[in-house]
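Right, one structure below, let's go through it.
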Amino acid sequence: MDVQKPVTRFAPSPTGYMHIGNLRTALYSFLIAKHDGGKFILRIEDTDRERLVDGAVDIIKNTLKITNLRYDEGPDVGGDHGPYVQSERKDIYAEYAKRLVDGGHAYYCFCSKERLEALHSDDDTHGGYDRHCRNLSEEETKKLLASGIPYVIRQKMPLEGTTTYEDAVFGTISVKNEELQDQILMKADGYPTYNFAHVVDDHLMGVTHVVRGSEYLSSTPKYALLYDAFGWQRPVYVHLPLLMGKNADGSVSKLSKRHGSVSFQDLIKDGYLPDAIINYISLLGWSPKNTESEIFSLDDLIKLFTIDGINKSPAVFDFDKLLWFNGEYIHRLSFGDFLDKAMPFVNKDVIPENVNTEKMLSLLHTRISKFSEINDRISLFISLPDYSNDLFINKKNKVDIDLARKIINEATELEDVEVWDNDTIYSKLIAMSEKLGVKSGAVMWCLRIAVSGMAVTPGGATEIMEVLGKKESMRRIMVAAGKLA
RNA sequence: GGCUCGUUGGUCAAGCGGCUAAGACACGGCCCUUUCACGGCUGUAACGGGAGUUCGACUCUCCCACGAGUCACCA
């Protein structure tokens with residue numbers, strides 16, 4: 001007999017940006033399916049009509065597209081289990097809710113919001129619904145229904161006993177039934193709640209593994225009971241550890257905006273590469289069996305990913321490590337690709353004509369970890385900063401002001417160089433150091449200071465001069481000569 | 001507060017009764033070097049606490065502490 005291939009889904013609400021935690025859920029869900037050659041579905045959960053945000057669905061689709069998390073079924077690709085947008089499935093939920101009522105697993109509730117609020121006024125967070133309408137007679141229900149009073153449909157929880165389910169990550173989870181609220185399945189506006197819709201959809205769409213954040217751990221018994229009420233087979237539950245962020249005071253809390261850029265688009269805007277982001281977040285809550293390297297492509301992850309490698313404890317999102325991954329990915333880009341991706345980040349308006357932009361960027365290729373660093377790093381090519389003569393002093397190369405003056409004066413002869421490129425300038429400077437009888441490092445040091453005005457620069461003296469061009473380089477050398485005179 | 005879950009270095013983590021407790025990021029040092037970066041080598045640093053079980057616990061059990069999640073006509 002064939003082992004059933006896994007079917008998983010990613011089911012976000014279109015309420016705004018793609019949070020990095022959501023992306024990680026999508027990734028794991030995708031990987032679980034693909035590791036065993038299964039199917040991955042995208043479903044849009046838009047049952048909360050008030051929180052809908054325009055364009056949010058496009059953000060979701062676009063994110064999955066550029067991260068290569070391809071779905072086999074979904075709103076724009078179709079499939080045998082559509083529609084894949086919950087607001088288009090209202091009839092389905094209504095029908096299944098009715099079935100539950102008829103079977104005695106759910107009931108109509110006519111309680112007003114005011115009444116419900118009064119219930120909570122004593123102790124604001126505890127308590128719950130008092131099951132006021134749970135035992136209305138059939139006649140009373142009929143009458144109320146006919147009268148047009150708004151109603152919801154609630155799930156009828158067992159009053160005693162325990163509900164237990166197996167989670168693939170957390171193991172056996174067991175909750176006393178008396179803890180379970182008669183949760184709302186269908187809202188007064190005719191839309192289902194998440195609690196109900198996702199169960200119906202997951203079953204109808206053949207989802208075998210429900211992958212989601214561990215915030216659902218304690219409400220899952222209610223969903224399991226729903227499966228039971230319908231007589232459906234329960235799916236495999238895979239709850240993922242939470243993603244946390246580090247606060248300024250050192251404590252941690254659920255990853256949110258206060259921790260920095262936590263939406264996928266924020267990170268892209270900041271100059272992170274999708275592959276690097278995917279690689280990093282794959283390791284937040286999961287680790288592979290072999291541990292030689294941590295650099296994984298999506299294909300690597302598909303091969304390596306198994307549920308038993310998922311961790312239980314919450315993971316703190318570490319921007320330093322993400323930055324390291326991103327640097328690795330940038331350094332490994334071919335120069336052509338690097339250029340393509342880097343160019344959009346360059347503020348072209350401020351780059352002088354004499355500067356060779358391509359060569360300038362080549363200096364940055366191995367020196368940046370994210371593209372947004374570019375503009376800070378190239379300031380010296382745009383203008384010569386005001387600097388102090390002390391910058392010329394360098395112990396290692398035995399440079400003092402007198403020597404610097406000598407070297408810079410000698411360097412004015414660079415004016416004779418015909419072909420202004422790195423190699424030519426370099427050999428010229430080497431020859432100069434021999435003539436002067438000083439270490440080549442001393443010459444290089446002084447020239448680098450002169451043309452950059454900075455102690456730390458992307459690239460060495462000759463590289464900077466090449467990028468700057470002869471005219472500007474000579475100008476800067478003359479400035480230095482003047483300062484040292 | 002009830003319920004549920006978690007706790008290995010600053011962070012991510014391996015470990016699944018016997019180990020000098022991996023590795024990665026960050027941090028320090030050294031080397032390379034035309035500064036920086038890259039690269040190479042190397043160093044500092046951890047099992048929350050207490051009882052058990054066992055010849056032997058980071059690994060199993062219980063209690064405590066701490067942390068988190070959840071108790072919506074939000075998902």
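Residue numbering restarts at 1 in every chain; chains get A, B, ... in the order shown in the structure tokens, and ligands count up from 1 in that same order.
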
**Request:** Give the helix (DSSP H, G or I) residues of stretch 266-313 of chain A, as DSSP finds them on the backbone, and put them as a ChimeraX atom specification.
**Result:** /A:266-269,274-282,298-304,307-309

**Asked** Mind listing as a PyMOL selection string which residues of chain B are within 8 Å of chain A, counting only C-alpha atoms (C1' of nucleotides)?
**Response** chain B and resi 1-7+11-13+23-26+34-38+68-71+73-75

**Request:** Quick one: pull the distance between atom CA of A:Phe305 and atom C1' of B:C60, Å, one decimal.
**Result:** 28.3 Å

Any idea what's packed within 9 Å of A:Gly453, counting only C-alpha atoms (C1' of nucleotides), ignoring anything in its chain fewer than 4 positions away? Could you give it as a PDB file with C-alpha atoms, in the first residue's frame?
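Result saved to result01.pdb:
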ATOM      1  CA  LEU A 380      34.876  59.041   0.264  1.00  0.00           C
ATOM      2  CA  LEU A 384      37.144  64.293   0.326  1.00  0.00           C
ATOM      3  CA  PRO A 385      36.459  64.620   4.036  1.00  0.00           C
ATOM      4  CA  ASP A 386      38.264  67.183   6.106  1.00  0.00           C
ATOM      5  CA  TYR A 387      40.958  65.226   7.928  1.00  0.00           C
ATOM      6  CA  SER A 388      43.804  65.783  10.326  1.00  0.00           C
ATOM      7  CA  LEU A 391      46.027  60.328  10.132  1.00  0.00           C
ATOM      8  CA  ARG A 448      45.592  56.006   0.791  1.00  0.00           C
ATOM      9  CA  ILE A 449      45.176  58.643   3.464  1.00  0.00           C
ATOM     10  CA  ARG A 476      43.583  65.155  -3.540  1.00  0.00           C
ATOM     11  CA  ALA A 480      47.556  66.644   1.070  1.00  0.00           C
TER      12      ALA A 480
END

**Message:** Quick check, in Å to one decimal: how far apart do atom CA of A:Lys34 and atom CA of A:Ile20 lie?
**Reply:** 20.7 Å
